[in-house]
$ cat upload-v3.tsv   # TSV, C-alpha atoms
chain	number	residue	atom	x	y	z
W	1	MET	CA	20.93	26.75	43.35
W	2	SER	CA	19.53	24.11	45.67
W	3	VAL	CA	20.06	22.53	49.08
W	4	LEU	CA	19.41	18.90	49.95
W	5	VAL	CA	17.81	18.86	53.39
W	6	ILE	CA	18.09	15.66	55.43
W	7	ASN	CA	16.15	14.87	58.60
W	8	SER	CA	17.51	11.57	59.86
W	9	GLY	CA	15.43	9.76	62.48
W	10	SER	CA	16.06	6.59	64.42
W	11	SER	CA	14.43	4.40	61.76
W	12	SER	CA	13.67	6.86	58.97
W	13	ILE	CA	15.14	9.53	56.71
W	14	LYS	CA	13.08	12.43	55.42
W	15	TYR	CA	14.59	14.50	52.64
W	16	GLN	CA	13.81	17.42	50.36
W	17	LEU	CA	15.67	19.09	47.54
W	18	VAL	CA	14.85	22.76	48.13
W	19	GLU	CA	15.33	25.95	46.16
W	20	PRO	CA	15.96	28.46	49.00
W	21	ALA	CA	15.29	31.59	46.96
W	22	THR	CA	11.81	30.55	45.81
W	23	GLY	CA	10.89	28.13	48.57
W	24	GLU	CA	10.13	25.41	46.02
W	25	ALA	CA	10.47	21.80	47.12
W	26	ILE	CA	11.88	20.32	43.91
W	27	ALA	CA	11.76	16.73	45.16
W	28	VAL	CA	10.71	15.14	48.43
W	29	GLY	CA	11.09	11.67	49.86
W	30	LEU	CA	10.93	9.35	52.81
W	31	VAL	CA	12.86	6.25	53.82
W	32	GLU	CA	10.95	4.24	56.43
W	33	ARG	CA	11.45	1.20	58.66
W	34	ILE	CA	15.23	1.16	58.48
W	35	GLY	CA	16.60	-1.99	60.11
W	36	GLU	CA	13.26	-3.80	60.00
W	37	GLU	CA	12.35	-6.84	57.93
W	38	THR	CA	10.59	-4.72	55.29
W	39	GLY	CA	11.58	-1.14	54.51
W	40	LYS	CA	10.00	1.42	52.21
W	41	TYR	CA	11.20	4.23	49.94
W	42	GLU	CA	8.96	7.01	48.66
W	43	HIS	CA	10.36	9.56	46.19
W	44	THR	CA	8.28	12.34	44.59
W	45	TYR	CA	9.40	14.52	41.68
W	46	GLN	CA	7.25	16.58	39.30
W	47	GLY	CA	4.07	15.13	40.77
W	48	GLU	CA	5.14	11.53	40.21
W	49	THR	CA	5.68	9.32	43.26
W	50	THR	CA	7.84	6.21	43.14
W	51	GLU	CA	7.52	3.63	45.91
W	52	LEU	CA	9.86	0.73	46.61
W	53	VAL	CA	9.49	-1.93	49.30
W	54	GLU	CA	12.63	-3.81	50.27
W	55	PRO	CA	14.83	-4.40	53.32
W	56	ILE	CA	16.93	-1.40	54.39
W	57	ALA	CA	19.81	-2.61	56.52
W	58	ASP	CA	20.96	0.77	57.85
W	59	HIS	CA	21.07	4.51	57.18
W	60	GLY	CA	24.00	4.10	54.79
W	61	THR	CA	22.01	1.68	52.66
W	62	GLY	CA	19.04	4.04	52.75
W	63	LEU	CA	20.94	7.15	51.67
W	64	ARG	CA	22.79	5.33	48.90
W	65	LYS	CA	19.44	4.17	47.54
W	66	VAL	CA	18.09	7.72	47.76
W	67	LEU	CA	20.93	8.91	45.52
W	68	GLU	CA	20.01	6.13	43.07
W	69	LEU	CA	16.38	7.30	43.11
W	70	PHE	CA	17.49	10.82	42.23
W	71	SER	CA	19.56	9.46	39.35
W	72	THR	CA	16.80	7.20	38.05
W	73	TYR	CA	13.65	9.22	38.64
W	74	GLY	CA	15.04	12.76	38.88
W	75	PRO	CA	16.21	15.27	39.26
W	76	ASP	CA	19.83	14.35	38.57
W	77	LEU	CA	21.72	15.75	41.55
W	78	SER	CA	24.84	16.30	39.46
W	79	GLN	CA	22.81	18.76	37.37
W	80	SER	CA	20.92	20.37	40.26
W	81	ASP	CA	23.60	22.85	41.34
W	82	ILE	CA	23.54	21.64	44.96
W	83	LYS	CA	25.42	24.10	47.15
W	84	ALA	CA	25.00	22.32	50.47
W	85	VAL	CA	23.39	19.53	52.45
W	86	GLY	CA	21.43	20.84	55.42
W	87	HIS	CA	20.97	18.54	58.41
W	88	ARG	CA	18.40	18.87	61.16
W	89	VAL	CA	20.04	18.29	64.55
W	90	VAL	CA	17.85	18.36	67.65
W	91	GLN	CA	20.36	19.18	70.41
W	92	GLY	CA	23.09	21.79	70.05
W	93	GLY	CA	23.71	22.22	73.77
W	94	LYS	CA	25.70	25.25	74.87
W	95	TYR	CA	27.90	25.12	71.76
W	96	PHE	CA	25.64	26.12	68.88
W	97	ASP	CA	23.41	29.19	68.67
W	98	LYS	CA	23.23	29.26	64.87
W	99	ALA	CA	23.67	27.12	61.77
W	100	THR	CA	27.19	25.69	61.57
W	101	ILE	CA	29.32	24.10	58.86
W	102	ILE	CA	30.01	20.51	59.83
W	103	ASP	CA	33.62	19.38	60.17
W	104	ASP	CA	35.03	16.57	62.29
W	105	THR	CA	35.08	18.78	65.39
W	106	VAL	CA	31.42	19.75	65.01
W	107	GLN	CA	30.47	16.16	64.30
W	108	ASN	CA	32.22	15.03	67.48
W	109	LEU	CA	30.45	17.71	69.52
W	110	ILE	CA	27.10	16.52	68.19
W	111	LYS	CA	28.11	13.04	69.31
W	112	ASP	CA	29.08	14.35	72.76
W	113	LEU	CA	25.60	15.87	73.08
W	114	CYS	CA	23.83	12.53	72.53
W	115	PRO	CA	23.14	12.05	76.27
W	116	LEU	CA	21.05	15.25	76.20
W	117	ALA	CA	18.95	13.97	73.28
W	118	PRO	CA	19.30	10.17	73.27
W	119	LEU	CA	16.22	9.68	71.07
W	120	HIS	CA	17.32	12.18	68.42
W	121	ASN	CA	21.00	13.14	68.19
W	122	PRO	CA	22.30	9.60	67.52
W	123	ALA	CA	19.91	9.32	64.57
W	124	ASN	CA	20.79	12.81	63.31
W	125	LEU	CA	24.46	11.85	63.58
W	126	LYS	CA	23.99	8.71	61.45
W	127	GLY	CA	22.59	10.84	58.63
W	128	ILE	CA	25.49	13.27	58.89
W	129	GLU	CA	28.17	10.57	58.89
W	130	VAL	CA	26.79	8.81	55.83
W	131	ALA	CA	25.91	11.94	53.85
W	132	ARG	CA	29.38	13.43	54.37
W	133	GLN	CA	30.85	10.27	52.84
W	134	LEU	CA	28.49	10.27	49.85
W	135	LEU	CA	28.10	13.95	48.96
W	136	ASP	CA	31.16	16.14	48.45
W	137	VAL	CA	29.61	19.54	49.21
W	138	PRO	CA	29.50	21.63	52.41
W	139	HIS	CA	27.31	20.09	55.10
W	140	VAL	CA	25.49	22.41	57.49
W	141	ALA	CA	23.90	21.56	60.84
W	142	VAL	CA	20.80	23.50	61.85
W	143	PHE	CA	19.95	22.97	65.51
W	144	ASP	CA	16.46	22.79	67.04
W	145	THR	CA	17.86	24.39	70.17
W	146	ALA	CA	19.68	27.32	68.52
W	147	PHE	CA	16.75	29.77	68.64
W	148	PHE	CA	16.48	29.23	72.40
W	149	GLN	CA	20.21	29.35	73.19
W	150	ALA	CA	19.92	32.96	74.38
W	151	LEU	CA	16.90	32.50	76.64
W	152	PRO	CA	17.03	34.81	79.69
W	153	PRO	CA	18.58	33.03	82.68
W	154	GLU	CA	15.29	33.29	84.57
W	155	SER	CA	13.71	31.12	81.88
W	156	ALA	CA	16.59	28.78	81.07
W	157	THR	CA	17.64	27.98	84.65
W	158	TYR	CA	16.16	25.15	86.70
W	159	ALA	CA	16.10	25.50	90.49
W	160	LEU	CA	18.53	22.60	90.80
W	161	ALA	CA	21.74	22.59	92.82
W	162	ARG	CA	24.08	24.76	90.75
W	163	ASP	CA	27.05	22.43	90.89
W	164	VAL	CA	24.97	19.50	89.63
W	165	ALA	CA	23.31	21.56	86.89
W	166	HIS	CA	26.68	22.92	85.76
W	167	LYS	CA	28.46	19.57	85.79
W	168	TYR	CA	25.79	17.80	83.77
W	169	GLU	CA	24.78	20.79	81.60
W	170	ILE	CA	21.18	20.80	82.81
W	171	ARG	CA	19.09	23.77	81.64
W	172	ARG	CA	16.10	24.50	79.44
W	173	TYR	CA	17.30	24.01	75.86
W	174	GLY	CA	13.94	23.90	74.11
W	175	ALA	CA	13.21	22.22	70.78
W	176	HIS	CA	11.39	22.93	67.50
W	177	GLY	CA	13.42	26.14	67.46
W	178	THR	CA	13.81	26.10	63.68
W	179	SER	CA	10.02	26.13	63.33
W	180	HIS	CA	9.48	28.77	66.03
W	181	LYS	CA	12.08	31.02	64.40
W	182	PHE	CA	10.64	30.55	60.90
W	183	VAL	CA	7.04	31.18	61.95
W	184	SER	CA	7.73	34.16	64.22
W	185	GLU	CA	9.81	35.80	61.48
W	186	LYS	CA	7.07	35.08	58.93
W	187	VAL	CA	4.51	36.77	61.18
W	188	ALA	CA	6.77	39.82	61.53
W	189	ASP	CA	7.19	39.97	57.74
W	190	LEU	CA	3.44	39.69	57.16
W	191	LEU	CA	2.64	42.42	59.69
W	192	GLY	CA	5.52	44.65	58.64
W	193	THR	CA	7.14	44.98	62.06
W	194	THR	CA	9.46	43.06	64.35
W	195	GLN	CA	8.21	44.94	67.41
W	196	LEU	CA	5.79	42.25	68.48
W	197	LYS	CA	4.99	40.14	71.52
W	198	GLN	CA	4.22	36.75	70.04
W	199	ILE	CA	3.19	33.32	71.20
W	200	VAL	CA	3.84	30.55	68.67
W	201	MET	CA	2.13	27.19	69.16
W	202	HIS	CA	3.85	24.38	67.24
W	203	LEU	CA	1.25	21.63	67.59
W	204	GLY	CA	1.99	18.26	66.06
W	205	ASN	CA	2.62	14.81	67.47
W	206	GLY	CA	5.41	16.62	69.28
W	207	ALA	CA	4.23	20.00	70.52
W	208	SER	CA	5.78	23.13	71.98
W	209	VAL	CA	4.99	26.78	72.58
W	210	SER	CA	7.31	29.78	72.63
W	211	ALA	CA	7.18	33.40	73.76
W	212	VAL	CA	8.96	35.75	71.36
W	213	VAL	CA	9.55	39.46	72.01
W	214	ASN	CA	10.81	41.63	69.15
W	215	GLY	CA	12.24	38.60	67.37
W	216	HIS	CA	13.97	37.05	70.41
W	217	ALA	CA	12.74	33.99	72.29
W	218	VAL	CA	12.17	34.68	76.00
W	219	ASP	CA	10.58	31.37	77.00
W	220	THR	CA	9.65	27.96	75.65
W	221	SER	CA	7.79	24.93	76.94
W	222	MET	CA	10.27	22.15	76.14
W	223	GLY	CA	13.16	21.85	78.54
W	224	LEU	CA	16.29	19.73	78.90
W	225	THR	CA	14.56	17.33	76.49
W	226	PRO	CA	11.44	17.51	74.30
W	227	LEU	CA	9.45	15.75	77.05
W	228	GLU	CA	8.58	18.85	79.06
W	229	GLY	CA	5.67	21.16	78.33
W	230	LEU	CA	2.46	20.53	76.41
W	231	VAL	CA	0.45	17.34	76.24
W	232	MET	CA	1.70	15.59	73.08
W	233	GLY	CA	0.86	12.58	70.96
W	234	THR	CA	2.77	10.11	73.11
W	235	ARG	CA	4.59	12.32	75.67
W	236	THR	CA	3.33	13.38	79.08
W	237	GLY	CA	4.48	16.97	78.92
W	238	ASP	CA	4.66	18.66	82.33
W	239	ILE	CA	4.49	16.13	85.16
W	240	ASP	CA	5.58	16.10	88.80
W	241	PRO	CA	9.16	14.68	88.84
W	242	ALA	CA	8.19	12.69	91.91
W	243	VAL	CA	6.03	10.47	89.69
W	244	THR	CA	9.34	8.94	88.57
W	245	PHE	CA	10.34	8.12	92.17
W	246	HIS	CA	6.84	6.84	92.94
W	247	LEU	CA	6.78	4.44	89.98
W	248	ALA	CA	10.28	3.19	90.80
W	249	ARG	CA	9.39	2.51	94.43
W	250	VAL	CA	5.78	1.35	94.20
W	251	ALA	CA	5.59	-0.20	90.72
W	252	ASN	CA	9.22	-1.38	90.72
W	253	MET	CA	9.71	0.13	87.27
W	254	SER	CA	13.20	0.69	85.93
W	255	ILE	CA	14.47	4.03	84.61
W	256	ASP	CA	14.25	2.72	81.04
W	257	GLU	CA	10.67	1.54	81.57
W	258	ILE	CA	9.66	4.93	82.97
W	259	ASP	CA	11.44	6.67	80.09
W	260	THR	CA	9.44	4.58	77.61
W	261	LEU	CA	6.21	5.21	79.52
W	262	PHE	CA	6.67	8.98	79.59
W	263	ASN	CA	7.93	9.39	76.01
W	264	LYS	CA	6.11	6.71	74.01
W	265	GLN	CA	3.07	5.48	75.93
W	266	SER	CA	1.59	8.63	77.43
W	267	GLY	CA	0.11	11.89	76.15
W	268	MET	CA	-3.02	11.47	74.03
W	269	LYS	CA	-2.11	7.86	73.31
W	270	GLY	CA	-1.93	7.06	77.00
W	271	LEU	CA	-5.21	8.83	77.72
W	272	THR	CA	-7.21	7.56	74.74
W	273	GLY	CA	-5.31	4.80	72.96
W	274	GLU	CA	-4.82	7.11	69.96
W	275	ASN	CA	-2.07	9.65	69.29
W	276	ASP	CA	-3.65	11.02	66.09
W	277	MET	CA	-5.89	13.97	67.01
W	278	ARG	CA	-8.31	13.13	64.21
W	279	ALA	CA	-8.92	9.74	65.78
W	280	VAL	CA	-9.29	11.31	69.22
W	281	TRP	CA	-11.98	13.71	67.96
W	282	LYS	CA	-13.85	10.77	66.38
W	283	LEU	CA	-13.81	8.93	69.69
W	284	ALA	CA	-15.05	12.01	71.53
W	285	ASP	CA	-17.82	12.58	68.98
W	286	ALA	CA	-18.90	8.96	69.48
W	287	GLY	CA	-19.30	9.57	73.19
W	288	ASP	CA	-16.01	8.22	74.50
W	289	LYS	CA	-15.56	9.88	77.91
W	290	ASN	CA	-11.81	9.26	78.05
W	291	ALA	CA	-11.33	11.02	74.73
W	292	ALA	CA	-13.47	13.98	75.81
W	293	GLU	CA	-11.50	14.30	79.02
W	294	ALA	CA	-8.19	14.01	77.15
W	295	LEU	CA	-9.17	16.89	74.87
W	296	ASP	CA	-10.02	18.98	77.93
W	297	VAL	CA	-6.58	18.20	79.40
W	298	TYR	CA	-4.91	19.07	76.07
W	299	ILE	CA	-6.71	22.40	75.73
W	300	HIS	CA	-6.21	23.26	79.42
W	301	ARG	CA	-2.44	22.97	79.03
W	302	LEU	CA	-2.45	25.19	75.93
W	303	VAL	CA	-4.48	27.88	77.64
W	304	HIS	CA	-2.23	27.64	80.70
W	305	TYR	CA	0.83	28.48	78.61
W	306	VAL	CA	-0.85	31.33	76.76
W	307	GLY	CA	-1.75	32.98	80.05
W	308	ALA	CA	1.68	32.40	81.54
W	309	TYR	CA	3.58	33.72	78.53
W	310	ALA	CA	1.34	36.75	78.08
W	311	ALA	CA	2.09	37.64	81.71
W	312	ILE	CA	5.83	37.09	81.25
W	313	MET	CA	5.91	39.30	78.14
W	314	GLY	CA	3.68	41.96	79.68
W	315	GLY	CA	1.12	41.62	76.92
W	316	LEU	CA	0.38	39.79	73.70
W	317	ASP	CA	0.06	41.04	70.13
W	318	VAL	CA	-0.13	37.81	68.11
W	319	LEU	CA	-1.07	34.20	68.88
W	320	THR	CA	-0.04	31.87	66.04
W	321	PHE	CA	-0.87	28.22	65.41
W	322	THR	CA	1.41	26.06	63.26
W	323	ALA	CA	2.44	22.44	62.46
W	324	GLY	CA	0.13	19.52	61.74
W	325	VAL	CA	-2.51	20.00	64.43
W	326	GLY	CA	-2.08	23.76	64.68
W	327	GLU	CA	-2.55	24.26	60.93
W	328	ASN	CA	-5.33	21.75	60.32
W	329	ASP	CA	-7.40	21.26	63.48
W	330	HIS	CA	-9.89	24.14	63.55
W	331	LEU	CA	-11.61	22.73	66.64
W	332	VAL	CA	-8.43	22.90	68.74
W	333	ARG	CA	-7.92	26.52	67.66
W	334	GLN	CA	-11.55	27.36	68.35
W	335	ARG	CA	-11.56	25.88	71.84
W	336	VAL	CA	-8.31	27.63	72.80
W	337	VAL	CA	-9.52	31.05	71.63
W	338	GLU	CA	-12.94	30.59	73.22
W	339	ARG	CA	-11.24	29.91	76.56
W	340	LEU	CA	-9.43	33.25	76.15
W	341	ALA	CA	-12.56	35.26	75.34
W	342	ASN	CA	-12.47	37.07	78.69
W	343	PHE	CA	-9.22	38.68	77.55
W	344	GLY	CA	-10.86	40.05	74.42
W	345	LEU	CA	-9.78	37.42	71.89
W	346	LYS	CA	-12.42	36.90	69.21
W	347	LEU	CA	-12.39	34.26	66.49
W	348	ASP	CA	-13.76	34.61	62.99
W	349	LEU	CA	-15.41	31.20	62.77
W	350	ALA	CA	-15.64	31.23	58.98
W	351	GLU	CA	-11.96	32.07	58.55
W	352	ASN	CA	-10.98	29.52	61.17
W	353	ALA	CA	-12.87	26.75	59.36
W	354	ILE	CA	-10.95	27.28	56.10
W	355	ARG	CA	-8.27	24.71	55.30
W	356	SER	CA	-5.42	26.48	53.55
W	357	LYS	CA	-1.67	26.24	53.12
W	358	SER	CA	-1.43	30.03	53.13
W	359	PRO	CA	-0.79	32.22	56.20
W	360	ARG	CA	-3.96	33.91	57.38
W	361	THR	CA	-5.59	35.82	60.23
W	362	ILE	CA	-8.49	33.97	61.87
W	363	SER	CA	-9.46	36.57	64.49
W	364	THR	CA	-12.01	39.34	64.03
W	365	PRO	CA	-10.88	42.94	63.45
W	366	ASP	CA	-11.93	43.93	66.99
W	367	SER	CA	-10.05	41.09	68.71
W	368	THR	CA	-7.58	42.37	71.31
W	369	VAL	CA	-5.01	39.90	70.00
W	370	ARG	CA	-4.43	38.93	66.37
W	371	VAL	CA	-4.81	35.17	65.98
W	372	MET	CA	-3.09	33.61	62.97
W	373	VAL	CA	-2.42	30.30	61.26
W	374	VAL	CA	1.02	30.25	59.64
W	375	PRO	CA	2.23	27.00	58.05
W	376	THR	CA	5.71	26.06	59.15
W	377	ASN	CA	8.39	24.89	56.73
W	378	GLU	CA	11.39	23.58	58.61
W	379	GLU	CA	13.01	22.20	55.46
W	380	LEU	CA	12.92	25.60	53.78
W	381	ALA	CA	14.21	27.21	56.97
W	382	ILE	CA	17.14	24.77	57.08
W	383	ALA	CA	17.91	25.37	53.39
W	384	GLN	CA	17.79	29.15	53.83
W	385	GLN	CA	20.00	29.10	56.91
W	386	ALA	CA	22.50	26.89	55.08
W	387	MET	CA	22.69	29.29	52.14
W	388	GLU	CA	22.93	32.34	54.40
W	389	LEU	CA	25.84	30.74	56.23
W	390	LEU	CA	27.70	29.83	53.04
W	391	SER	CA	27.19	33.27	51.49
$ encode --input "upload-v3.tsv" --output "structure tokens"
Amino acid sequence: MSVLVINSGSSSIKYQLVEPATGEAIAVGLVERIGEETGKYEHTYQGETTELVEPIADHGTGLRKVLELFSTYGPDLSQSDIKAVGHRVVQGGKYFDKATIIDDTVQNLIKDLCPLAPLHNPANLKGIEVARQLLDVPHVAVFDTAFFQALPPESATYALARDVAHKYEIRRYGAHGTSHKFVSEKVADLLGTTQLKQIVMHLGNGASVSAVVNGHAVDTSMGLTPLEGLVMGTRTGDIDPAVTFHLARVANMSIDEIDTLFNKQSGMKGLTGENDMRAVWKLADAGDKNAAEALDVYIHRLVHYVGAYAAIMGGLDVLTFTAGVGENDHLVRQRVVERLANFGLKLDLAENAIRSKSPRTISTPDSTVRVMVVPTNEELAIAQQAMELLS
């Protein structure tokens, strides 16, 4: 039995055919540059990658071609015993706290939530609309916000006028919840107990951190949108809201211009010109002062959240790094743990330097907090939640 997992972006579609029971990714692919002059397909099955370069008018064109790629290069979807299509949806608002079978009502609610995630939900919705037309199996939405739906009010509530917050559904929704849930549950499985106070750091181009007590999220860094929180590849993270007013009044910038500045032109890219951490480290190693300062800012924000969340939880048992930067950048992990040395955290430098796709502990046996690297797998998590729901 398999699940086709679709992550539809504004100009791309990522997909995987997943076997939920074993975790195997049977086939993976990517559709890029949708709507541009030249698009690209990449489909991988049994170690063989097929690439096609041609215009891709829209998401419908892209998904129809994906089905052709399965038929031509394998595996044949009609023979793959597909039980469901799982869709990543960023914003579930107040409506969805778990995976949900998509019908017209659910699809319309996802559409209604587009103002809360204007960069993500419209793209997710395009993938859902087209896939429901092309694939006659149950479709399941798995929401990034679901894991954080039950945050304590003290964490979820902004100190905004209640009538305004209620009318416009303003609260901390969080994001990357599928990853935070998957990783925190994996840690509990590996350690043989759910009675843990955990901090999970999902560090990629988008980045977030969560506090998880006994399997339940109690805080997270992203807020109404994925803009709040950590310094990211192109996003500011935490910033004084008055910067918006200041730029509007002094720089005469429009709301859309400020939105673009905060979401696409800031973060590490705004500080260094690069949003890839590997490139930032190269600049810093070459003596670039802006890059060195940007790394200090990045690490400072991470340490800030570890301290805050440890205080909120009344302690800390496990600190876990995941996602692209968290799993692969040993220097980021090293600098974070070194900054926490006064609290008894100790890093095994040899273990930390290992590049591996396997979960592992990178702290020393006498560290006061276990430090781990646990690869995330959001596609597998979506496939598993889809199958759990259907069963």
$ closest_atom_pairs --input "upload-v3.tsv" --of "range 33-82 of chain W" --to "range 121-135 of chain W" --cutoff "12 Å" --atoms "only C-alpha atoms" --output "CSV"
residue,atom,partner,partner_atom,distance
W:Ile34,CA,W:Ala123,CA,11.2
W:Asp58,CA,W:Lys126,CA,9.2
W:His59,CA,W:Lys126,CA,6.7
W:Gly60,CA,W:Val130,CA,5.6
W:Thr61,CA,W:Val130,CA,9.2
W:Gly62,CA,W:Val130,CA,9.6
W:Leu63,CA,W:Ala131,CA,7.2
W:Arg64,CA,W:Leu134,CA,7.6
W:Lys65,CA,W:Leu134,CA,11.2
W:Val66,CA,W:Ala131,CA,10.8
W:Leu67,CA,W:Leu134,CA,8.8
W:Glu68,CA,W:Leu134,CA,11.6
W:Leu77,CA,W:Leu135,CA,9.9
W:Ser78,CA,W:Leu135,CA,10.3
W:Ile82,CA,W:Leu135,CA,9.8
$ residues_around --input "upload-v3.tsv" --residues "Leu389 in chain W" --least-positions-apart "6" --cutoff "12 Å" --atoms "only C-alpha atoms" --output "PyMOL selection string"
chain W and resi 83-84+86+98-102+138-142+382-383
$ atom_distance --input "upload-v3.tsv" --atom1 "CA of Ile362 in chain W" --atom2 "CA of Leu347 in chain W"
6.1 Å
$ closest_residue --input "upload-v3.tsv" --among "W:Ala21, W:Met1, W:Val85, W:Val373" --to "His202 in chain W" --atoms "all atoms listed in the file"
W:Val373
$ closest_residue --input "upload-v3.tsv" --among "W:Gln46, W:Thr368, W:Ser391, W:Asn377" --to "Val183 in chain W" --atoms "all atoms listed in the file"
W:Asn377
$ residues_around --input "upload-v3.tsv" --residues "His120 in chain W" --least-positions-apart "2" --cutoff "8 Å" --atoms "all atoms listed in the file" --output "PyMOL selection string"
chain W and resi 9-10+89-91+114+117-118+122-124
$ write_last_selection --input "upload-v3.tsv" --atoms "C-alpha atoms" --output "mmCIF file, keeping the file's coordinate frame"
data_model
loop_
_atom_site.group_PDB
_atom_site.id
_atom_site.type_symbol
_atom_site.label_atom_id
_atom_site.label_comp_id
_atom_site.auth_asym_id
_atom_site.auth_seq_id
_atom_site.Cartn_x
_atom_site.Cartn_y
_atom_site.Cartn_z
ATOM 1 C CA GLY W 9 15.430 9.760 62.480
ATOM 2 C CA SER W 10 16.060 6.590 64.420
ATOM 3 C CA VAL W 89 20.040 18.290 64.550
ATOM 4 C CA VAL W 90 17.850 18.360 67.650
ATOM 5 C CA GLN W 91 20.360 19.180 70.410
ATOM 6 C CA CYS W 114 23.830 12.530 72.530
ATOM 7 C CA ALA W 117 18.950 13.970 73.280
ATOM 8 C CA PRO W 118 19.300 10.170 73.270
ATOM 9 C CA PRO W 122 22.300 9.600 67.520
ATOM 10 C CA ALA W 123 19.910 9.320 64.570
ATOM 11 C CA ASN W 124 20.790 12.810 63.310
#
$ atom_distance --input "upload-v3.tsv" --atom1 "CA of Ile56 in chain W" --atom2 "CA of Glu42 in chain W"
12.9 Å
$ residues_around --input "upload-v3.tsv" --residues "range 301-311 of chain W" --least-positions-apart "4" --cutoff "7 Å" --atoms "all atoms listed in the file" --output "ChimeraX atom specification"
/W:211,230-231,297,315-316,336
$ residues_near_point --input "upload-v3.tsv" --point "(14.2, 12.9, 55.4)" --cutoff "9 Å" --atoms "all atoms listed in the file" --output "list in words"
Val5, Ile6, Asn7, Ser8, Gly9, Ser12, Ile13, Lys14, Tyr15, Gln16, Val28, Gly29, Leu30 and Val31 of chain W
$ closest_residue --input "upload-v3.tsv" --among "W:Leu271, W:Ser363, W:Tyr73, W:Ser80" --to "Thr49 in chain W" --atoms "all atoms listed in the file"
W:Tyr73
$ residues_around --input "upload-v3.tsv" --residues "Arg235 in chain W" --least-positions-apart "5" --cutoff "9 Å" --atoms "only C-alpha atoms" --output "PyMOL selection string"
chain W and resi 205-206+226-228+230+261-270
$ write_last_selection --input "upload-v3.tsv" --atoms "C-alpha atoms" --output "mmCIF file, in the frame of the given file"
data_model
loop_
_atom_site.group_PDB
_atom_site.id
_atom_site.type_symbol
_atom_site.label_atom_id
_atom_site.label_comp_id
_atom_site.auth_asym_id
_atom_site.auth_seq_id
_atom_site.Cartn_x
_atom_site.Cartn_y
_atom_site.Cartn_z
ATOM 1 C CA ASN W 205 2.620 14.810 67.470
ATOM 2 C CA GLY W 206 5.410 16.620 69.280
ATOM 3 C CA PRO W 226 11.440 17.510 74.300
ATOM 4 C CA LEU W 227 9.450 15.750 77.050
ATOM 5 C CA GLU W 228 8.580 18.850 79.060
ATOM 6 C CA LEU W 230 2.460 20.530 76.410
ATOM 7 C CA LEU W 261 6.210 5.210 79.520
ATOM 8 C CA PHE W 262 6.670 8.980 79.590
ATOM 9 C CA ASN W 263 7.930 9.390 76.010
ATOM 10 C CA LYS W 264 6.110 6.710 74.010
ATOM 11 C CA GLN W 265 3.070 5.480 75.930
ATOM 12 C CA SER W 266 1.590 8.630 77.430
ATOM 13 C CA GLY W 267 0.110 11.890 76.150
ATOM 14 C CA MET W 268 -3.020 11.470 74.030
ATOM 15 C CA LYS W 269 -2.110 7.860 73.310
ATOM 16 C CA GLY W 270 -1.930 7.060 77.000
#
$ atom_distance --input "upload-v3.tsv" --atom1 "CA of Val3 in chain W" --atom2 "CA of Ser179 in chain W"
17.8 Å
$ closest_residue --input "upload-v3.tsv" --among "W:Met201, W:Ala146, W:Leu349, W:Leu160" --to "Thr320 in chain W" --atoms "all atoms listed in the file"
W:Met201
$ residues_near_point --input "upload-v3.tsv" --point "(6.6, 42.0, 66.3)" --cutoff "7 Å" --atoms "only C-alpha atoms" --output "mmCIF file with C-alpha atoms, in the coordinates of the input"
data_model
loop_
_atom_site.group_PDB
_atom_site.id
_atom_site.type_symbol
_atom_site.label_atom_id
_atom_site.label_comp_id
_atom_site.auth_asym_id
_atom_site.auth_seq_id
_atom_site.Cartn_x
_atom_site.Cartn_y
_atom_site.Cartn_z
ATOM 1 C CA ALA W 188 6.770 39.820 61.530
ATOM 2 C CA THR W 193 7.140 44.980 62.060
ATOM 3 C CA THR W 194 9.460 43.060 64.350
ATOM 4 C CA GLN W 195 8.210 44.940 67.410
ATOM 5 C CA LEU W 196 5.790 42.250 68.480
ATOM 6 C CA LYS W 197 4.990 40.140 71.520
ATOM 7 C CA GLN W 198 4.220 36.750 70.040
ATOM 8 C CA VAL W 213 9.550 39.460 72.010
ATOM 9 C CA ASN W 214 10.810 41.630 69.150
ATOM 10 C CA GLY W 215 12.240 38.600 67.370
#
$ residues_around --input "upload-v3.tsv" --residues "Glu51 in chain W" --least-positions-apart "5" --cutoff "8 Å" --atoms "all atoms listed in the file" --output "ChimeraX atom specification"
/W:40-43
$ closest_residue --input "upload-v3.tsv" --among "W:Asp238, W:Asp288, W:Asp136, W:Asp317" --to "Ala207 in chain W" --atoms "only C-alpha atoms"
W:Asp238
$ closest_residue --input "upload-v3.tsv" --among "W:Pro365, W:Gly273, W:Pro55, W:Gly314" --to "Gly39 in chain W" --atoms "only C-alpha atoms"
W:Pro55
